[in-house]
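As stored in structure_1.cif (mmCIF, N, CA, C and O atoms):
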data_query
loop_
_atom_site.label_atom_id
_atom_site.label_comp_id
_atom_site.auth_asym_id
_atom_site.auth_seq_id
_atom_site.Cartn_x
_atom_site.Cartn_y
_atom_site.Cartn_z
N GLY L 1 12.39 18.96 0.38
CA GLY L 1 12.86 18.60 -0.92
C GLY L 1 11.75 18.03 -1.79
O GLY L 1 10.58 18.04 -1.43
N ILE L 2 12.15 17.54 -2.93
CA ILE L 2 11.18 17.00 -3.90
C ILE L 2 10.51 15.73 -3.37
O ILE L 2 9.30 15.59 -3.47
N ALA L 3 11.29 14.82 -2.81
CA ALA L 3 10.70 13.58 -2.29
C ALA L 3 9.68 13.87 -1.19
O ALA L 3 8.60 13.26 -1.17
N GLY L 4 9.99 14.79 -0.32
CA GLY L 4 9.04 15.16 0.73
C GLY L 4 7.78 15.77 0.16
O GLY L 4 6.67 15.48 0.61
N HIS L 5 7.94 16.61 -0.84
CA HIS L 5 6.79 17.22 -1.51
C HIS L 5 5.89 16.14 -2.11
O HIS L 5 4.66 16.18 -1.95
N VAL L 6 6.50 15.17 -2.79
CA VAL L 6 5.73 14.09 -3.41
C VAL L 6 5.04 13.23 -2.34
O VAL L 6 3.89 12.84 -2.49
N ALA L 7 5.75 12.96 -1.24
CA ALA L 7 5.17 12.17 -0.16
C ALA L 7 3.95 12.85 0.45
O ALA L 7 2.97 12.20 0.81
N ILE L 8 3.98 14.17 0.53
CA ILE L 8 2.86 14.91 1.11
C ILE L 8 1.74 15.12 0.11
O ILE L 8 0.56 14.93 0.42
N SER L 9 2.09 15.48 -1.12
CA SER L 9 1.08 15.83 -2.12
C SER L 9 0.48 14.61 -2.82
O SER L 9 -0.65 14.66 -3.30
N GLY L 10 1.27 13.53 -2.92
CA GLY L 10 0.80 12.35 -3.64
C GLY L 10 0.85 12.49 -5.15
O GLY L 10 0.31 11.66 -5.87
N THR L 11 1.51 13.53 -5.64
CA THR L 11 1.61 13.73 -7.08
C THR L 11 3.07 13.62 -7.53
O THR L 11 3.98 13.98 -6.80
N SER L 12 3.25 13.12 -8.72
CA SER L 12 4.60 12.95 -9.28
C SER L 12 5.19 14.29 -9.68
O SER L 12 4.47 15.24 -10.00
N VAL L 13 6.52 14.33 -9.69
CA VAL L 13 7.24 15.53 -10.13
C VAL L 13 8.34 15.09 -11.09
O VAL L 13 9.12 14.20 -10.77
N THR L 14 8.38 15.72 -12.25
CA THR L 14 9.45 15.51 -13.23
C THR L 14 10.12 16.86 -13.46
O THR L 14 9.44 17.84 -13.76
N LEU L 15 11.44 16.88 -13.29
CA LEU L 15 12.17 18.13 -13.47
C LEU L 15 13.33 17.93 -14.45
O LEU L 15 14.17 17.06 -14.23
N ALA L 16 13.36 18.74 -15.49
CA ALA L 16 14.46 18.69 -16.45
C ALA L 16 15.69 19.40 -15.88
O ALA L 16 16.82 19.08 -16.26
N ASP L 17 15.48 20.36 -14.97
CA ASP L 17 16.58 21.08 -14.32
C ASP L 17 16.19 21.36 -12.88
O ASP L 17 15.60 22.42 -12.58
N PRO L 18 16.49 20.44 -11.97
CA PRO L 18 16.05 20.59 -10.58
C PRO L 18 16.52 21.87 -9.90
O PRO L 18 15.82 22.41 -9.05
N TYR L 19 17.68 22.38 -10.29
CA TYR L 19 18.22 23.58 -9.66
C TYR L 19 17.35 24.82 -9.90
O TYR L 19 17.46 25.81 -9.18
N ARG L 20 16.46 24.75 -10.86
CA ARG L 20 15.57 25.88 -11.15
C ARG L 20 14.26 25.78 -10.40
O ARG L 20 13.39 26.64 -10.55
N ASP L 21 14.09 24.74 -9.58
CA ASP L 21 12.85 24.52 -8.83
C ASP L 21 13.11 24.79 -7.35
O ASP L 21 14.01 24.18 -6.76
N ALA L 22 12.33 25.66 -6.74
CA ALA L 22 12.53 26.04 -5.34
C ALA L 22 12.37 24.87 -4.38
O ALA L 22 12.92 24.90 -3.27
N ARG L 23 11.66 23.82 -4.78
CA ARG L 23 11.47 22.65 -3.90
C ARG L 23 12.72 21.78 -3.82
O ARG L 23 12.86 20.99 -2.89
N PHE L 24 13.61 21.90 -4.79
CA PHE L 24 14.82 21.08 -4.82
C PHE L 24 15.82 21.58 -3.79
O PHE L 24 16.12 22.77 -3.72
N ASN L 25 16.36 20.66 -3.00
CA ASN L 25 17.36 20.99 -1.99
C ASN L 25 18.72 20.53 -2.50
O ASN L 25 19.02 19.34 -2.50
N PRO L 26 19.59 21.46 -2.91
CA PRO L 26 20.88 21.09 -3.49
C PRO L 26 21.97 20.74 -2.46
O PRO L 26 23.10 20.47 -2.85
N ASP L 27 21.63 20.72 -1.18
CA ASP L 27 22.65 20.50 -0.14
C ASP L 27 23.38 19.18 -0.30
O ASP L 27 24.60 19.13 -0.13
N VAL L 28 22.70 18.11 -0.61
CA VAL L 28 23.37 16.81 -0.77
C VAL L 28 24.34 16.87 -1.94
O VAL L 28 25.47 16.38 -1.84
N ASP L 29 23.92 17.48 -3.04
CA ASP L 29 24.82 17.63 -4.19
C ASP L 29 26.08 18.40 -3.78
O ASP L 29 27.20 18.03 -4.13
N ARG L 30 25.88 19.47 -3.05
CA ARG L 30 27.03 20.30 -2.63
C ARG L 30 27.99 19.51 -1.74
O ARG L 30 29.21 19.60 -1.91
N ARG L 31 27.43 18.75 -0.80
CA ARG L 31 28.27 17.98 0.12
C ARG L 31 29.01 16.84 -0.56
O ARG L 31 30.13 16.50 -0.17
N THR L 32 28.39 16.23 -1.56
CA THR L 32 28.98 15.04 -2.17
C THR L 32 29.69 15.30 -3.49
O THR L 32 30.41 14.44 -3.99
N GLY L 33 29.45 16.46 -4.09
CA GLY L 33 30.01 16.74 -5.40
C GLY L 33 29.19 16.15 -6.54
O GLY L 33 29.57 16.22 -7.70
N PHE L 34 28.05 15.56 -6.21
CA PHE L 34 27.15 14.99 -7.21
C PHE L 34 26.43 16.13 -7.94
O PHE L 34 26.25 17.21 -7.38
N LEU L 35 26.02 15.90 -9.17
CA LEU L 35 25.23 16.87 -9.91
C LEU L 35 23.93 16.22 -10.35
O LEU L 35 23.95 15.29 -11.18
N THR L 36 22.83 16.67 -9.81
CA THR L 36 21.51 16.19 -10.24
C THR L 36 21.11 16.98 -11.46
O THR L 36 20.84 18.17 -11.39
N ARG L 37 21.09 16.29 -12.61
CA ARG L 37 20.78 16.96 -13.87
C ARG L 37 19.28 16.94 -14.18
O ARG L 37 18.75 17.87 -14.78
N ASN L 38 18.61 15.86 -13.84
CA ASN L 38 17.17 15.74 -14.04
C ASN L 38 16.65 14.69 -13.08
O ASN L 38 17.42 13.89 -12.54
N LEU L 39 15.34 14.69 -12.84
CA LEU L 39 14.79 13.71 -11.91
C LEU L 39 13.33 13.44 -12.18
O LEU L 39 12.63 14.25 -12.79
N LEU L 40 12.91 12.29 -11.71
CA LEU L 40 11.52 11.86 -11.76
C LEU L 40 11.21 11.28 -10.39
O LEU L 40 11.91 10.37 -9.93
N THR L 41 10.21 11.82 -9.73
CA THR L 41 9.85 11.39 -8.39
C THR L 41 8.37 11.04 -8.38
O THR L 41 7.54 11.81 -8.88
N MET L 42 8.04 9.87 -7.80
CA MET L 42 6.68 9.36 -7.85
C MET L 42 6.30 8.72 -6.52
O MET L 42 7.10 8.01 -5.92
N PRO L 43 5.05 8.96 -6.07
CA PRO L 43 4.62 8.31 -4.83
C PRO L 43 4.38 6.82 -5.06
O PRO L 43 4.03 6.39 -6.16
N ILE L 44 4.57 6.06 -4.00
CA ILE L 44 4.19 4.65 -3.99
C ILE L 44 2.92 4.59 -3.16
O ILE L 44 2.94 4.88 -1.95
N LYS L 45 1.80 4.27 -3.81
CA LYS L 45 0.50 4.31 -3.15
C LYS L 45 -0.07 2.91 -2.95
O LYS L 45 -0.10 2.10 -3.88
N ALA L 46 -0.53 2.66 -1.72
CA ALA L 46 -1.22 1.40 -1.41
C ALA L 46 -2.57 1.41 -2.11
O ALA L 46 -3.05 2.44 -2.59
N GLN L 47 -3.21 0.25 -2.13
CA GLN L 47 -4.51 0.14 -2.80
C GLN L 47 -5.56 1.06 -2.19
O GLN L 47 -6.47 1.50 -2.87
N ASP L 48 -5.42 1.35 -0.89
CA ASP L 48 -6.39 2.24 -0.24
C ASP L 48 -6.03 3.72 -0.41
O ASP L 48 -6.68 4.59 0.15
N GLY L 49 -4.97 4.01 -1.19
CA GLY L 49 -4.59 5.38 -1.47
C GLY L 49 -3.52 5.95 -0.55
O GLY L 49 -3.01 7.04 -0.80
N ARG L 50 -3.18 5.22 0.52
CA ARG L 50 -2.12 5.70 1.43
C ARG L 50 -0.79 5.76 0.68
O ARG L 50 -0.48 4.88 -0.11
N ILE L 51 -0.01 6.75 0.97
CA ILE L 51 1.34 6.84 0.40
C ILE L 51 2.26 6.09 1.34
O ILE L 51 2.38 6.42 2.52
N VAL L 52 2.88 5.03 0.82
CA VAL L 52 3.73 4.16 1.64
C VAL L 52 5.21 4.32 1.29
O VAL L 52 6.05 3.65 1.89
N GLY L 53 5.52 5.20 0.36
CA GLY L 53 6.90 5.42 -0.02
C GLY L 53 6.98 6.34 -1.23
O GLY L 53 5.97 6.81 -1.74
N VAL L 54 8.21 6.59 -1.66
CA VAL L 54 8.46 7.46 -2.81
C VAL L 54 9.62 6.86 -3.61
O VAL L 54 10.61 6.43 -3.03
N PHE L 55 9.45 6.81 -4.91
CA PHE L 55 10.54 6.46 -5.83
C PHE L 55 11.11 7.75 -6.39
O PHE L 55 10.35 8.65 -6.77
N GLN L 56 12.43 7.81 -6.47
CA GLN L 56 13.06 8.95 -7.14
C GLN L 56 14.20 8.41 -8.00
O GLN L 56 15.07 7.70 -7.50
N VAL L 57 14.17 8.75 -9.27
CA VAL L 57 15.24 8.37 -10.18
C VAL L 57 15.89 9.64 -10.71
O VAL L 57 15.23 10.66 -10.91
N LEU L 58 17.20 9.56 -10.88
CA LEU L 58 18.00 10.75 -11.23
C LEU L 58 18.81 10.52 -12.49
O LEU L 58 19.23 9.40 -12.77
N ASN L 59 19.05 11.59 -13.19
CA ASN L 59 20.05 11.68 -14.24
C ASN L 59 19.88 10.66 -15.37
O ASN L 59 20.77 9.85 -15.64
N LYS L 60 18.75 10.75 -16.03
CA LYS L 60 18.54 9.91 -17.20
C LYS L 60 19.57 10.27 -18.27
O LYS L 60 19.77 11.45 -18.59
N ARG L 61 20.20 9.25 -18.79
CA ARG L 61 21.14 9.49 -19.89
C ARG L 61 20.37 9.94 -21.11
O ARG L 61 19.31 9.43 -21.42
N GLY L 62 20.89 10.91 -21.78
CA GLY L 62 20.28 11.36 -23.03
C GLY L 62 19.22 12.43 -22.86
O GLY L 62 18.57 12.79 -23.83
N GLY L 63 19.01 12.93 -21.66
CA GLY L 63 18.06 14.02 -21.52
C GLY L 63 17.04 13.81 -20.43
O GLY L 63 17.15 12.86 -19.65
N PRO L 64 16.04 14.66 -20.37
CA PRO L 64 15.05 14.60 -19.29
C PRO L 64 14.14 13.38 -19.40
O PRO L 64 14.03 12.75 -20.46
N PHE L 65 13.50 13.07 -18.29
CA PHE L 65 12.55 11.95 -18.24
C PHE L 65 11.30 12.29 -19.04
O PHE L 65 10.88 13.44 -19.11
N THR L 66 10.72 11.27 -19.65
CA THR L 66 9.56 11.42 -20.53
C THR L 66 8.32 10.82 -19.87
O THR L 66 8.41 10.10 -18.87
N PRO L 67 7.14 11.08 -20.44
CA PRO L 67 5.94 10.42 -19.93
C PRO L 67 6.04 8.88 -20.00
O PRO L 67 5.51 8.19 -19.14
N GLU L 68 6.76 8.36 -20.97
CA GLU L 68 6.95 6.91 -21.06
C GLU L 68 7.78 6.41 -19.88
O GLU L 68 7.51 5.34 -19.33
N ASP L 69 8.79 7.20 -19.48
CA ASP L 69 9.57 6.84 -18.29
C ASP L 69 8.68 6.83 -17.05
O ASP L 69 8.79 5.94 -16.20
N ALA L 70 7.79 7.80 -16.96
CA ALA L 70 6.85 7.85 -15.83
C ALA L 70 5.94 6.63 -15.82
O ALA L 70 5.65 6.09 -14.74
N ASP L 71 5.50 6.19 -16.98
CA ASP L 71 4.66 4.99 -17.05
C ASP L 71 5.41 3.77 -16.53
O ASP L 71 4.84 2.94 -15.80
N ILE L 72 6.68 3.64 -16.89
CA ILE L 72 7.49 2.50 -16.43
C ILE L 72 7.67 2.57 -14.91
O ILE L 72 7.50 1.58 -14.20
N LEU L 73 8.00 3.77 -14.41
CA LEU L 73 8.19 3.90 -12.97
C LEU L 73 6.89 3.66 -12.22
O LEU L 73 6.88 3.08 -11.13
N HIS L 74 5.77 4.05 -12.81
CA HIS L 74 4.46 3.81 -12.20
C HIS L 74 4.21 2.31 -12.04
O HIS L 74 3.68 1.86 -11.02
N ALA L 75 4.60 1.53 -13.04
CA ALA L 75 4.45 0.07 -12.95
C ALA L 75 5.30 -0.48 -11.80
O ALA L 75 4.84 -1.34 -11.03
N PHE L 76 6.53 0.02 -11.66
CA PHE L 76 7.37 -0.38 -10.53
C PHE L 76 6.74 0.04 -9.20
O PHE L 76 6.76 -0.71 -8.23
N ALA L 77 6.19 1.25 -9.16
CA ALA L 77 5.57 1.74 -7.93
C ALA L 77 4.39 0.87 -7.53
O ALA L 77 4.21 0.58 -6.34
N ASN L 78 3.60 0.45 -8.50
CA ASN L 78 2.46 -0.43 -8.19
C ASN L 78 2.95 -1.77 -7.63
O ASN L 78 2.38 -2.28 -6.65
N SER L 79 3.98 -2.32 -8.22
CA SER L 79 4.53 -3.59 -7.72
C SER L 79 5.11 -3.42 -6.33
O SER L 79 4.92 -4.27 -5.45
N ALA L 80 5.82 -2.32 -6.11
CA ALA L 80 6.39 -2.07 -4.79
C ALA L 80 5.30 -1.89 -3.74
O ALA L 80 5.42 -2.39 -2.62
N ALA L 81 4.23 -1.20 -4.11
CA ALA L 81 3.12 -1.00 -3.17
C ALA L 81 2.51 -2.34 -2.75
O ALA L 81 2.24 -2.57 -1.57
N LEU L 82 2.31 -3.24 -3.72
CA LEU L 82 1.75 -4.55 -3.40
C LEU L 82 2.69 -5.33 -2.48
O LEU L 82 2.24 -5.97 -1.52
N ALA L 83 3.98 -5.27 -2.76
CA ALA L 83 4.94 -5.97 -1.93
C ALA L 83 4.95 -5.40 -0.51
O ALA L 83 5.00 -6.16 0.48
N LEU L 84 4.89 -4.08 -0.39
CA LEU L 84 4.88 -3.45 0.93
C LEU L 84 3.61 -3.80 1.69
O LEU L 84 3.66 -4.08 2.91
N GLU L 85 2.48 -3.80 1.01
CA GLU L 85 1.22 -4.17 1.67
C GLU L 85 1.27 -5.62 2.14
O GLU L 85 0.83 -5.94 3.24
N HIS L 86 1.82 -6.48 1.33
CA HIS L 86 1.94 -7.88 1.69
C HIS L 86 2.85 -8.02 2.91
O HIS L 86 2.55 -8.77 3.84
N ALA L 87 3.96 -7.31 2.92
CA ALA L 87 4.88 -7.36 4.06
C ALA L 87 4.25 -6.84 5.34
O ALA L 87 4.49 -7.36 6.41
N GLU L 88 3.42 -5.80 5.23
CA GLU L 88 2.73 -5.27 6.40
C GLU L 88 1.77 -6.30 6.98
O GLU L 88 1.56 -6.33 8.20
N GLY L 89 1.18 -7.11 6.13
CA GLY L 89 0.19 -8.08 6.57
C GLY L 89 0.78 -9.32 7.20
O GLY L 89 0.07 -10.16 7.76
N MET L 90 2.10 -9.46 7.14
CA MET L 90 2.74 -10.66 7.68
C MET L 90 2.92 -10.59 9.17
O MET L 90 2.99 -9.68 9.82
#

Would you put the structure from the file into structure tokens?
Amino acid sequence: GIAGHVAISGTSVTLADPYRDARFNPDVDRRTGFLTRNLLTMPIKAQDGRIVGVFQVLNKRGGPFTPEDADILHAFANSAALALEHAEGM
């Protein structure tokens, strides 16, 4: 899926229509009745560049995710990475 792709590649993915992307796995939507309309997926990278997690946000109200949304999520990802690194060091 998209999260796995981001975890491996280390690059963000923004999709206005995930169903049109071959990397998107619609199985969860089918099983739950959920509809993924749009998504933004971003790696959480430690200071040394290791990928320690992935953020994925779905279904922005009012349309697809923008570069400004990516900037906000990037700030969260940086904070999460620092928290995870700190937790690993404990």

* Contact residues around range 8-19 of chain L with only C-alpha atoms at 12 Å, ignoring same-chain residues under 2 positions, as a PyMOL selection string -> chain L and resi 1-6+21-27+29-30+35-46+49-71+73-74+77

* Could you give me, as an NGL selection string, each residue of chain L that DSSP assigns to alpha helix (DSSP H) when run on this structure's backbone? => :L and (2-9 or 27-32 or 67-88)

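Between CA of Arg31 in chain L and CA of Ala7 in chain L lies a distance of 23.8 Å.
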
* Structure fact -> Correct to one decimal, the distance atom O of Gly89 in chain L-atom O of Gln47 in chain L is 17.1 Å

* Work out how far CA of Asp48 in chain L is from CA of Ala81 in chain L, in Å to one decimal. => 10.5 Å
